[in-house]
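A short worksheet on the structure shown next.
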Amino acid sequence: MGAQSRNLHIAWAILLKDLRLELRRKYEIFSMFTFALLSIISFSFSLGPAPSNVLDVIPTSLWVIILFTGIISFTTVFIREMDKGTMDGLRSLPSSPQAIFLGKTFYCFILMGIVEFVLIPASMILFNYSFNSDLALVILTFVLGTFNIALIGSMVSALTMYSESKTILIPLLTFPLIPGSLIPSVTATMKLAFGANLSLILPELRLIVAFLLAILLASWLIFEYVFYE
Amino acid sequence: MRDKIYLAATFIVNIIALYMMFIYSPPLVVGAEVAADPEVFRIFYLHLPAAIAAYIAFAITFIGSVLYLRKKDFKWDVLAAASAKLGLIFCGAVLLLGSIWAENAWGVYWNWDPRETTTLILFFAYVAYLAYRMAIEDREKKARLSSVLGIFAFATVPLSYLSIQIWQTLHPIVIRLGKVEMSPPVTYTLIVSLIGELLIFFFILYLTVKAENLTEKIAKVKAGG
Amino acid sequence: MRKEEIAVEAKNLTKQYGYFYGLRDASFRVYSGEIFGLFGPNGAGKTTLIRLIATLTRPTKGEVHVFGLDVTNEAEKIKEVIGILTDRSLLYDDLTGRENLEFYLKMYGFSGKDEIKRKIGETTHLLKVEDRLDDTVRTLSSGLRRRFDIARAIIHSPKLILLDEPFSGLDIDSVDILKNFLVKRKGELTVIVSTHNFEVAREICDRIAFLKDGKIAEIVNAENYSQVKVEKYFA
């Protein structure tokens with residue numbers, strides 16, 4: 001098969017393998033769910049019943065929770081492979097490192113997506129609000145923003161699998177890398193909450209996509225330096 | 001001998017800069033309330049060059065990272081790391097000096113202005129880069145992996161500037177960092193101060209790189225290279 | 001001077017970790033179909049050498065070619081025709097043996113369901129583990145796990161397999177199964193096996209390279225094994 005379809009085939013195989021592993025043991029998905037739901041309930045407590053400024057607070061809170069939930073998942077992406085020793089298994093395969101990176105990113109993305117699928121509707125119920133915009137736009141914004149977090153997370157996971165103090169380094173490395181995407185995600189979500197159409201959030205979407213392309217390009221070029229020892 | 005000339009030049013230029021900053025230059029006032037102390041604005045002469053130095057340091061770290069990955073010579077990694085350490089210090093100085101100036105001009109220490117916030121993110125990027133390096137023992141891995149981080153940071157941090165600009169349209173901040181009135185004395189002082197600070201920056205960078213390369217050489221000989 | 005095909009050829013192969021030498025100036029040849037042993041104490045460079053040939057790590061200096069392919073530039077092509085067994089298990093604990101083997105086969109580019117099933121069946125039969133295919137790897141004993149690891153190493157029908165200390169910590173049955181498997185395949189499969197168990201090495205290897213402190217001290221043919229002062233190579 002052609003090189004590109006082979007890469008996709010490999011990314012897909014990695015994704016399925018990791019999802020199957022996760023569903024068997026549910027290592028991370030359980031922590032992620034617990035964290036997300038506890039967070040949203042804590043926010044609910046602190047804001048009190050029927051707060052007047054819900055729409056001001058909700059988009060930011062959601063993304064903060066999503067980011068931290070994502071950070072929980074970053075350990076599974078590569079660090080788990082390293083700890084268990086299976087990293088060499090991946091290195092010995094005749095597949096391009098980029099394909100493996102992509103597969104892992106999708107895995108992280110889907111884990112986060114599963115949590116968001118519950119988190120966002122839950123927040124709408126708890127805080128009694130809804131997005132006054134096209135559902136498709138809302139989904140698009142969350143999908144793109146989450147994918148960027150997953151990309152950063154995969155890279156951070158790959159970088160920290162070689163270092164000590166992973167627990168502190170994962171958030172430490174993530175924080176400076178993420179604002180370029182996180183801020184427009186929050187801004188776009190805020191606009192959508194108040195009712196925006198596509199043209200209004202176009203500047204944000206452009207930035208998020210620019211970020212996506214910048215990371216994809218950077219990762220494509222340099223991931224192999226992280227992958228091989 | 002060359003080192004001594006450079007040191008002398010740095011010293012002289014900076015003495016001149018100090019004179020110009022505090023005596024030659026008139027007090028500046030930049031679009032602020034009457035109650036602000038105009039003398040404090042002299043901090044601007046230190047603040048702006050420090051920012052330029054911090055950004056240059058970032059670029060040097062990026063270039064060092066790219067060159068290390070291509071050439072696999074540790075001297076490029078030494079350069080990238082030394083530049084990052086200096087960058088961290090200058091970046092911290094920018095944030096500190098900027099806050100003092102902001103407080104004096106507008107009564108608030110922090111403005112969430114795109115430039116300020118991007119500099120803050122840059123500061124965290126330096127912290128992350130240096131902390132990451134410290135967490136890896138193996139020399140080759142340290143160089144290779146922090147080069148990857150350095151390149152990645154360069155790809156993502158500058159984008160924050162645009163992001164924050166857009167964010168600000170939603171949360172307009174009444175106070176805006178205005179342009180400084182660039183009358184001739186101010187311009188001259190700024191230029192001299194800029195040259196002075198860059199001389200300091202490059203001199204310390206040069207010394208750090210030289211010292212680190214010696215350390216590398218010792219390690220190499222010890223290992224039987 | 002044998003005229004057979006050369007499976008592996010190394011010239012001044014050197015690997016440095018920072019400034020420390022893991023392997024220094026290794027030059028040797030491994031011929032197609034032979035079982036080539038690497039013997040030496042811990043830290044001698046056996047694992048480094050295996051990892052270099054397996055393209056898991058790049059040489060600092062020198063070169064090594066596997067079936068004529070350069071490890072630095074043609075690593076992906078080499079990976080298609082080699083299999084490796086490392087000191088740690090490359091299996092996923094929470095998947096079954098079958099799921100592990102299916103995953104690796106897919107990663108090697110195999111896609112047909114029937115072909116995958118057939119290859120798994122054949123390989124596990126060779127190593128006598130087919131009855132435990134649907135048990136989670138976590139539940140297997142270390143001997144069975146090692147045999148599944150070997151299955152993983154050969155499932156894509158490589159021409160060369162690299163085994164890093166395959167016999168250590170193994171029960172007698174598994175050692176026998178493995179020894180028989182390797183010896184039976186002499187001629188069709190090239191094997192490089194590292195061990196610090198000299199008895200097993202002399203039993204199955206056609207030639208043995210003796211390593212110490214990152215260097216190859218001597219390469220000895222089977223008929224001369226008894227003349228080697230093995231004590232030199234214990235740390």
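As shown in the structure tokens, the chain order sets the letters A, B, ...; within each chain, residues go from 1, and ligands are also counted from 1 in the order they appear.
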Residue hits in chain C, query chain A, radius 9 Å, only C-alpha atoms, as a PDB file with N, CA and C atoms, in the first residue's frame:
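Output below, filename result-v7.pdb:
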```
ATOM      1  N   ALA C  54      19.677  -3.525  15.527  1.00  0.00           N
ATOM      2  CA  ALA C  54      18.218  -3.482  15.412  1.00  0.00           C
ATOM      3  C   ALA C  54      17.702  -2.105  15.020  1.00  0.00           C
ATOM      4  N   THR C  55      18.599  -1.170  14.779  1.00  0.00           N
ATOM      5  CA  THR C  55      18.289   0.223  14.455  1.00  0.00           C
ATOM      6  C   THR C  55      17.482   0.919  15.545  1.00  0.00           C
ATOM      7  N   LEU C  56      17.577   0.426  16.763  1.00  0.00           N
ATOM      8  CA  LEU C  56      16.901   1.108  17.870  1.00  0.00           C
ATOM      9  C   LEU C  56      17.707   2.307  18.333  1.00  0.00           C
ATOM     10  N   THR C  57      18.973   2.326  17.926  1.00  0.00           N
ATOM     11  CA  THR C  57      19.810   3.463  18.286  1.00  0.00           C
ATOM     12  C   THR C  57      20.841   3.647  17.170  1.00  0.00           C
ATOM     13  N   ARG C  58      21.295   4.884  17.001  1.00  0.00           N
ATOM     14  CA  ARG C  58      22.192   5.161  15.873  1.00  0.00           C
ATOM     15  C   ARG C  58      23.646   5.107  16.308  1.00  0.00           C
ATOM     16  N   ALA C  75      16.877   2.445   7.811  1.00  0.00           N
ATOM     17  CA  ALA C  75      16.380   1.751   9.002  1.00  0.00           C
ATOM     18  C   ALA C  75      15.020   1.105   8.787  1.00  0.00           C
ATOM     19  N   GLU C  76      14.105   1.813   8.131  1.00  0.00           N
ATOM     20  CA  GLU C  76      12.759   1.244   7.980  1.00  0.00           C
ATOM     21  C   GLU C  76      12.795  -0.053   7.196  1.00  0.00           C
ATOM     22  N   LYS C  77      13.626  -0.110   6.154  1.00  0.00           N
ATOM     23  CA  LYS C  77      13.695  -1.342   5.355  1.00  0.00           C
ATOM     24  C   LYS C  77      14.277  -2.473   6.197  1.00  0.00           C
ATOM     25  N   ILE C  78      15.259  -2.136   7.027  1.00  0.00           N
ATOM     26  CA  ILE C  78      15.862  -3.161   7.880  1.00  0.00           C
ATOM     27  C   ILE C  78      14.835  -3.696   8.862  1.00  0.00           C
ATOM     28  N   LYS C  79      14.050  -2.800   9.448  1.00  0.00           N
ATOM     29  CA  LYS C  79      13.090  -3.233  10.457  1.00  0.00           C
ATOM     30  C   LYS C  79      12.091  -4.236   9.915  1.00  0.00           C
ATOM     31  N   GLU C  80      11.859  -4.178   8.616  1.00  0.00           N
ATOM     32  CA  GLU C  80      10.890  -5.109   8.038  1.00  0.00           C
ATOM     33  C   GLU C  80      11.404  -6.540   8.065  1.00  0.00           C
ATOM     34  N   ILE C  82      13.866  -7.781  10.266  1.00  0.00           N
ATOM     35  CA  ILE C  82      14.461  -8.284  11.500  1.00  0.00           C
ATOM     36  C   ILE C  82      13.413  -8.358  12.604  1.00  0.00           C
ATOM     37  N   GLY C  83      13.718  -9.186  13.596  1.00  0.00           N
ATOM     38  CA  GLY C  83      12.851  -9.267  14.764  1.00  0.00           C
ATOM     39  C   GLY C  83      13.726  -9.154  15.991  1.00  0.00           C
ATOM     40  N   ILE C  84      13.209  -8.584  17.055  1.00  0.00           N
ATOM     41  CA  ILE C  84      14.038  -8.402  18.226  1.00  0.00           C
ATOM     42  C   ILE C  84      13.355  -8.858  19.509  1.00  0.00           C
ATOM     43  N   THR C  86      13.975  -8.058  23.432  1.00  0.00           N
ATOM     44  CA  THR C  86      14.774  -7.266  24.358  1.00  0.00           C
ATOM     45  C   THR C  86      14.673  -7.852  25.757  1.00  0.00           C
ATOM     46  N   ARG C  88      13.299  -6.526  28.237  1.00  0.00           N
ATOM     47  CA  ARG C  88      11.953  -6.331  28.784  1.00  0.00           C
ATOM     48  C   ARG C  88      10.914  -6.843  27.810  1.00  0.00           C
ATOM     49  N   SER C  89       9.799  -7.267  28.338  1.00  0.00           N
ATOM     50  CA  SER C  89       8.751  -7.802  27.487  1.00  0.00           C
ATOM     51  C   SER C  89       8.138  -6.691  26.642  1.00  0.00           C
ATOM     52  N   LEU C  90       7.908  -6.996  25.375  1.00  0.00           N
ATOM     53  CA  LEU C  90       7.306  -5.997  24.498  1.00  0.00           C
ATOM     54  C   LEU C  90       5.824  -6.254  24.309  1.00  0.00           C
ATOM     55  N   LEU C  91       5.247  -7.002  25.216  1.00  0.00           N
ATOM     56  CA  LEU C  91       3.824  -7.305  25.115  1.00  0.00           C
ATOM     57  C   LEU C  91       3.026  -6.393  26.027  1.00  0.00           C
ATOM     58  N   TYR C  92       1.789  -6.150  25.638  1.00  0.00           N
ATOM     59  CA  TYR C  92       0.907  -5.331  26.451  1.00  0.00           C
ATOM     60  C   TYR C  92       0.177  -6.232  27.436  1.00  0.00           C
ATOM     61  N   ASP C  93       0.438  -5.967  28.725  1.00  0.00           N
ATOM     62  CA  ASP C  93      -0.092  -6.811  29.802  1.00  0.00           C
ATOM     63  C   ASP C  93      -1.586  -7.079  29.723  1.00  0.00           C
ATOM     64  N   ASP C  94      -2.337  -6.043  29.392  1.00  0.00           N
ATOM     65  CA  ASP C  94      -3.788  -6.183  29.500  1.00  0.00           C
ATOM     66  C   ASP C  94      -4.452  -6.631  28.208  1.00  0.00           C
ATOM     67  N   LEU C  95      -3.651  -6.965  27.214  1.00  0.00           N
ATOM     68  CA  LEU C  95      -4.222  -7.560  26.015  1.00  0.00           C
ATOM     69  C   LEU C  95      -3.909  -9.048  26.049  1.00  0.00           C
ATOM     70  N   GLU C  99      -4.310 -10.728  20.801  1.00  0.00           N
ATOM     71  CA  GLU C  99      -4.467  -9.304  20.488  1.00  0.00           C
ATOM     72  C   GLU C  99      -3.114  -8.640  20.299  1.00  0.00           C
ATOM     73  N   ASN C 100      -2.140  -9.023  21.116  1.00  0.00           N
ATOM     74  CA  ASN C 100      -0.796  -8.485  20.956  1.00  0.00           C
ATOM     75  C   ASN C 100      -0.238  -8.825  19.579  1.00  0.00           C
ATOM     76  N   PHE C 103      -1.937  -6.970  16.781  1.00  0.00           N
ATOM     77  CA  PHE C 103      -1.478  -5.577  16.729  1.00  0.00           C
ATOM     78  C   PHE C 103      -0.152  -5.475  15.991  1.00  0.00           C
ATOM     79  N   TYR C 104       0.806  -6.305  16.398  1.00  0.00           N
ATOM     80  CA  TYR C 104       2.118  -6.212  15.778  1.00  0.00           C
ATOM     81  C   TYR C 104       2.080  -6.582  14.298  1.00  0.00           C
ATOM     82  N   LYS C 106      -0.395  -6.092  12.300  1.00  0.00           N
ATOM     83  CA  LYS C 106      -0.951  -4.933  11.586  1.00  0.00           C
ATOM     84  C   LYS C 106       0.095  -3.852  11.442  1.00  0.00           C
ATOM     85  N   MET C 107       0.892  -3.658  12.478  1.00  0.00           N
ATOM     86  CA  MET C 107       1.918  -2.619  12.410  1.00  0.00           C
ATOM     87  C   MET C 107       2.999  -2.979  11.403  1.00  0.00           C
ATOM     88  N   TYR C 108       3.167  -4.285  11.139  1.00  0.00           N
ATOM     89  CA  TYR C 108       4.129  -4.687  10.117  1.00  0.00           C
ATOM     90  C   TYR C 108       3.523  -4.631   8.724  1.00  0.00           C
ATOM     91  N   GLY C 109       2.249  -4.261   8.660  1.00  0.00           N
ATOM     92  CA  GLY C 109       1.650  -4.075   7.346  1.00  0.00           C
ATOM     93  C   GLY C 109       0.785  -5.219   6.862  1.00  0.00           C
TER      94      GLY C 109
END
```
Report as a Markdown table the residues of chain C within 12 Å of chain B, each with its shortest atom pair and distance in Å (one decimal), using only C-alpha atoms, ordered by chain and increasing residue number.
```
| residue | atom | partner | partner_atom | distance |
| --- | --- | --- | --- | --- |
| C:Lys15 | CA | B:Glu140 | CA | 11.6 |
| C:Gln16 | CA | B:Glu140 | CA | 9.0 |
| C:Tyr17 | CA | B:Glu140 | CA | 6.5 |
| C:Gly18 | CA | B:Arg139 | CA | 4.8 |
| C:Tyr19 | CA | B:Lys220 | CA | 5.5 |
| C:Phe20 | CA | B:Ala223 | CA | 5.6 |
| C:Tyr21 | CA | B:Ala223 | CA | 7.9 |
| C:Gly22 | CA | B:Ala223 | CA | 11.3 |
| C:Arg24 | CA | B:Gly225 | CA | 11.2 |
| C:Thr60 | CA | B:Lys72 | CA | 9.9 |
```
For chain B, list the residues within 10 Å of chain A, counting only C-alpha atoms, and write the list as a PyMOL selection string. chain B and resi 66+69+118+120-129+131-138+140-142+144-149+151-171
Go ahead and write the selection's residues with C-alpha atoms as a CSV table (one decimal), in the first residue's frame.
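Generated output (selection29.csv):
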```csv
chain,number,residue,atom,x,y,z
B,66,VAL,CA,18.0,23.6,15.2
B,69,LEU,CA,19.8,18.6,15.8
B,118,THR,CA,3.4,37.2,25.7
B,120,LEU,CA,5.0,36.3,30.6
B,121,ILE,CA,4.4,33.2,28.5
B,122,LEU,CA,8.0,33.5,27.2
B,123,PHE,CA,9.2,33.6,30.8
B,124,PHE,CA,7.3,30.4,31.5
B,125,ALA,CA,8.7,28.8,28.4
B,126,TYR,CA,12.3,29.6,29.6
B,127,VAL,CA,11.4,28.1,33.0
B,128,ALA,CA,10.0,25.0,31.4
B,129,TYR,CA,13.1,24.6,29.1
B,131,ALA,CA,13.6,22.8,34.4
B,132,TYR,CA,13.3,20.1,31.6
B,133,ARG,CA,17.1,20.2,31.1
B,134,MET,CA,17.7,19.7,34.8
B,135,ALA,CA,15.5,16.7,34.8
B,136,ILE,CA,17.5,14.8,32.3
B,137,GLU,CA,20.9,13.4,33.2
B,138,ASP,CA,22.3,11.9,30.1
B,140,GLU,CA,23.1,13.5,24.7
B,141,LYS,CA,19.5,13.1,25.6
B,142,LYS,CA,19.5,16.4,27.4
B,144,ARG,CA,18.6,16.4,21.8
B,145,LEU,CA,15.4,16.6,23.7
B,146,SER,CA,15.7,20.1,24.9
B,147,SER,CA,16.4,21.1,21.3
B,148,VAL,CA,13.1,19.6,20.4
B,149,LEU,CA,11.4,21.6,23.2
B,151,ILE,CA,11.9,24.4,18.6
B,152,PHE,CA,8.4,23.6,19.7
B,153,ALA,CA,8.3,26.6,22.1
B,154,PHE,CA,9.4,28.8,19.2
B,155,ALA,CA,6.6,27.5,17.1
B,156,THR,CA,3.9,28.1,19.7
B,157,VAL,CA,4.8,31.0,22.0
B,158,PRO,CA,4.8,33.8,19.4
B,159,LEU,CA,1.3,32.8,18.4
B,160,SER,CA,0.1,33.8,21.8
B,161,TYR,CA,0.6,37.4,20.9
B,162,LEU,CA,-2.1,37.3,18.2
B,163,SER,CA,-4.4,35.2,20.5
B,164,ILE,CA,-4.2,37.8,23.3
B,165,GLN,CA,-4.9,40.7,20.9
B,166,ILE,CA,-8.2,39.0,19.9
B,167,TRP,CA,-9.0,38.2,23.5
B,168,GLN,CA,-8.6,41.9,24.4
B,169,THR,CA,-11.3,42.9,21.9
B,170,LEU,CA,-13.7,41.0,24.2
B,171,HIS,CA,-12.2,42.5,27.4
```
Mind pulling up the distance from atom CA of A:Met112 to atom CA of A:Thr146? 7.3 Å
Stretch 1-9 of chain B surroundings by only C-alpha atoms, 12 Å radius, close-in-sequence under 3 positions cut, as a list in words: Ile12, Val13, Asn14, Ile15, Ile16, Ile195, Gly196, Glu197, Leu198, Leu199, Ile200, Phe201, Phe202, Phe203, Ile204, Tyr206, Leu207 and Lys210 of chain B
Mind checking which residues fall within 6 Å of B:Cys91, counting only C-alpha atoms, ignoring those fewer than 3 positions away in the same chain, and posting them as a ChimeraX atom specification? /B:54,87-88,94,123
Per DSSP on the backbone, filter stretch 41-208 of chain B down to the residues in alpha helix (DSSP H) and report them as a ChimeraX atom specification. /B:44-71,74-106,114-134,139-156,159-170,184-208
Write out, as a short mmCIF file (atom, residue, chain, number, x, y, z; two decimals), in the first residue's frame, the residues just selected, with C-alpha atoms.
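The resulting file, out_2.cif, is reproduced below:
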```
data_model
loop_
_atom_site.label_atom_id
_atom_site.label_comp_id
_atom_site.auth_asym_id
_atom_site.auth_seq_id
_atom_site.Cartn_x
_atom_site.Cartn_y
_atom_site.Cartn_z
CA PHE B 44 11.70 52.68 30.33
CA TYR B 45 15.31 52.98 29.19
CA LEU B 46 16.14 49.73 30.93
CA HIS B 47 12.86 48.03 30.23
CA LEU B 48 12.71 48.21 26.45
CA PRO B 49 16.28 47.05 25.76
CA ALA B 50 15.80 44.22 28.24
CA ALA B 51 12.77 43.11 26.25
CA ILE B 52 14.74 43.17 23.03
CA ALA B 53 17.51 41.16 24.66
CA ALA B 54 14.98 38.63 25.97
CA TYR B 55 13.52 38.10 22.51
CA ILE B 56 16.95 37.87 20.92
CA ALA B 57 17.86 35.24 23.50
CA PHE B 58 14.78 33.25 22.50
CA ALA B 59 15.80 33.36 18.86
CA ILE B 60 19.33 32.26 19.75
CA THR B 61 17.98 29.31 21.72
CA PHE B 62 15.87 28.34 18.74
CA ILE B 63 18.79 28.59 16.32
CA GLY B 64 21.06 26.66 18.70
CA SER B 65 18.42 23.94 18.98
CA VAL B 66 18.01 23.60 15.22
CA LEU B 67 21.76 23.54 14.64
CA TYR B 68 22.33 20.96 17.33
CA LEU B 69 19.80 18.57 15.79
CA ARG B 70 21.44 18.98 12.42
CA LYS B 71 25.10 18.88 13.40
CA PHE B 74 27.37 19.88 21.72
CA LYS B 75 28.60 23.45 21.29
CA TRP B 76 25.23 24.39 19.74
CA ASP B 77 23.41 22.94 22.70
CA VAL B 78 25.70 24.89 25.02
CA LEU B 79 24.76 28.05 23.16
CA ALA B 80 21.03 27.30 23.31
CA ALA B 81 21.16 26.62 27.05
CA ALA B 82 23.30 29.63 27.91
CA SER B 83 21.02 31.87 25.90
CA ALA B 84 18.00 30.44 27.69
CA LYS B 85 19.50 31.12 31.11
CA LEU B 86 20.25 34.71 30.17
CA GLY B 87 16.89 35.04 28.50
CA LEU B 88 15.20 34.00 31.70
CA ILE B 89 16.98 36.70 33.66
CA PHE B 90 16.33 39.42 31.12
CA CYS B 91 12.73 38.30 30.76
CA GLY B 92 12.26 38.50 34.51
CA ALA B 93 13.77 41.97 34.44
CA VAL B 94 11.35 43.06 31.70
CA LEU B 95 8.37 41.89 33.70
CA LEU B 96 9.61 43.49 36.90
CA LEU B 97 10.60 46.81 35.38
CA GLY B 98 7.44 46.87 33.32
CA SER B 99 5.26 46.37 36.39
CA ILE B 100 6.98 49.17 38.26
CA TRP B 101 6.49 51.47 35.32
CA ALA B 102 2.87 50.42 34.84
CA GLU B 103 2.04 50.98 38.47
CA ASN B 104 3.51 54.42 38.33
CA ALA B 105 1.80 55.34 35.07
CA TRP B 106 -1.62 53.81 35.52
CA PRO B 114 -0.53 41.43 24.44
CA ARG B 115 3.14 42.33 24.75
CA GLU B 116 3.17 41.89 28.51
CA THR B 117 1.32 38.63 28.45
CA THR B 118 3.41 37.16 25.66
CA THR B 119 6.51 38.09 27.64
CA LEU B 120 5.03 36.31 30.63
CA ILE B 121 4.40 33.22 28.51
CA LEU B 122 7.96 33.48 27.22
CA PHE B 123 9.16 33.60 30.80
CA PHE B 124 7.32 30.37 31.54
CA ALA B 125 8.74 28.84 28.38
CA TYR B 126 12.26 29.59 29.64
CA VAL B 127 11.43 28.14 33.04
CA ALA B 128 10.04 25.01 31.39
CA TYR B 129 13.07 24.62 29.10
CA LEU B 130 15.56 24.99 31.94
CA ALA B 131 13.60 22.78 34.35
CA TYR B 132 13.34 20.13 31.65
CA ARG B 133 17.08 20.19 31.07
CA MET B 134 17.72 19.74 34.76
CA ARG B 139 24.22 14.51 28.15
CA GLU B 140 23.13 13.48 24.67
CA LYS B 141 19.47 13.10 25.60
CA LYS B 142 19.52 16.44 27.38
CA ALA B 143 20.81 18.16 24.26
CA ARG B 144 18.60 16.37 21.77
CA LEU B 145 15.36 16.57 23.73
CA SER B 146 15.70 20.15 24.92
CA SER B 147 16.43 21.11 21.33
CA VAL B 148 13.07 19.63 20.39
CA LEU B 149 11.42 21.59 23.20
CA GLY B 150 13.22 24.76 22.14
CA ILE B 151 11.92 24.42 18.60
CA PHE B 152 8.44 23.58 19.75
CA ALA B 153 8.34 26.57 22.06
CA PHE B 154 9.43 28.82 19.23
CA ALA B 155 6.57 27.51 17.11
CA THR B 156 3.88 28.05 19.75
CA LEU B 159 1.27 32.77 18.38
CA SER B 160 0.08 33.80 21.83
CA TYR B 161 0.57 37.43 20.88
CA LEU B 162 -2.13 37.29 18.23
CA SER B 163 -4.39 35.25 20.49
CA ILE B 164 -4.24 37.79 23.26
CA GLN B 165 -4.91 40.67 20.88
CA ILE B 166 -8.19 39.05 19.93
CA TRP B 167 -9.00 38.24 23.53
CA GLN B 168 -8.57 41.89 24.37
CA THR B 169 -11.30 42.91 21.95
CA LEU B 170 -13.68 41.03 24.22
CA PRO B 184 15.83 63.59 20.15
CA PRO B 185 17.24 63.35 23.69
CA VAL B 186 14.95 60.43 24.39
CA THR B 187 15.88 58.70 21.17
CA TYR B 188 19.61 59.10 21.77
CA THR B 189 19.35 57.88 25.34
CA LEU B 190 17.33 54.91 24.24
CA ILE B 191 19.83 53.95 21.57
CA VAL B 192 22.80 54.21 23.90
CA SER B 193 20.97 52.28 26.57
CA LEU B 194 20.02 49.62 24.03
CA ILE B 195 23.59 49.21 22.87
CA GLY B 196 24.75 49.11 26.48
CA GLU B 197 22.32 46.38 27.46
CA LEU B 198 22.98 44.32 24.37
CA LEU B 199 26.70 44.56 25.05
CA ILE B 200 26.08 43.24 28.53
CA PHE B 201 23.87 40.49 27.18
CA PHE B 202 26.30 39.31 24.54
CA PHE B 203 29.29 39.58 26.83
CA ILE B 204 27.72 37.44 29.54
CA LEU B 205 26.53 35.03 26.87
CA TYR B 206 30.03 34.79 25.47
CA LEU B 207 31.53 34.15 28.91
CA THR B 208 28.91 31.56 29.79
#
```
Going by DSSP on the backbone, which residues of stretch 32-191 of chain C come out as strand (DSSP E)? List them as a list of chain:residue names. C:Ile35, C:Phe36, C:Gly37, C:Leu38, C:Phe39, C:Lys61, C:Gly62, C:Glu63, C:Val64, C:His65, C:Val66, C:Leu69, C:Asp70, C:Ile82, C:Gly83, C:Ile84, C:Leu85, C:Leu160, C:Ile161, C:Leu162, C:Leu163, C:Asp164, C:Thr190, C:Val191
Can you pull out the residues contacting A:Leu198? Cut-off 12 Å, using only C-alpha atoms, and skip same-chain residues under 3 positions away; I want them as a list of chain:residue names.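 In the requested format, the answer is A:Ser133, A:Asp134, A:Leu135, A:Ala136, A:Leu137, A:Val138, A:Leu140, A:Thr141, A:Ala188, A:Thr189, A:Lys191, A:Leu192, A:Gly195, A:Ile201, A:Leu202, A:Pro203, A:Glu204, A:Leu205, A:Arg206.
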Taking a cut-off of 10 Å and counting only C-alpha atoms, can you build a table that, for each residue of stretch 3-76 of chain C near stretch 196-203 of chain C, reports the nearest atom pair and how far apart they are in Å (one decimal), sorted by chain then residue number, as JSON lines?
```
{"residue": "C:Ile35", "atom": "CA", "partner": "C:Ala201", "partner_atom": "CA", "distance": 9.5}
{"residue": "C:Phe36", "atom": "CA", "partner": "C:Ala201", "partner_atom": "CA", "distance": 9.1}
{"residue": "C:Gly37", "atom": "CA", "partner": "C:Ala201", "partner_atom": "CA", "distance": 6.5}
{"residue": "C:Leu38", "atom": "CA", "partner": "C:His196", "partner_atom": "CA", "distance": 8.3}
{"residue": "C:Phe39", "atom": "CA", "partner": "C:His196", "partner_atom": "CA", "distance": 5.6}
{"residue": "C:Gly40", "atom": "CA", "partner": "C:His196", "partner_atom": "CA", "distance": 5.8}
{"residue": "C:Pro41", "atom": "CA", "partner": "C:His196", "partner_atom": "CA", "distance": 6.3}
{"residue": "C:Asn42", "atom": "CA", "partner": "C:His196", "partner_atom": "CA", "distance": 8.1}
{"residue": "C:Lys46", "atom": "CA", "partner": "C:His196", "partner_atom": "CA", "distance": 9.7}
```
Atom-to-atom span, atom CA of A:Ile58 and atom CA of B:Trp110, Å: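 Between atom CA of A:Ile58 and atom CA of B:Trp110 the gap is 24.1 Å.
Across A:Phe127, A:Ser154, A:Asn132, A:Ala99, the tightest approach to A:Ser52 is made by A:Phe127 when counting only C-alpha atoms.
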Nearest candidate to B:Gly107 (options B:Ser183, B:Ser25, B:Asn213, B:Asp37; using only C-alpha atoms):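 Using only C-alpha atoms, B:Gly107 sits closest to B:Asp37.
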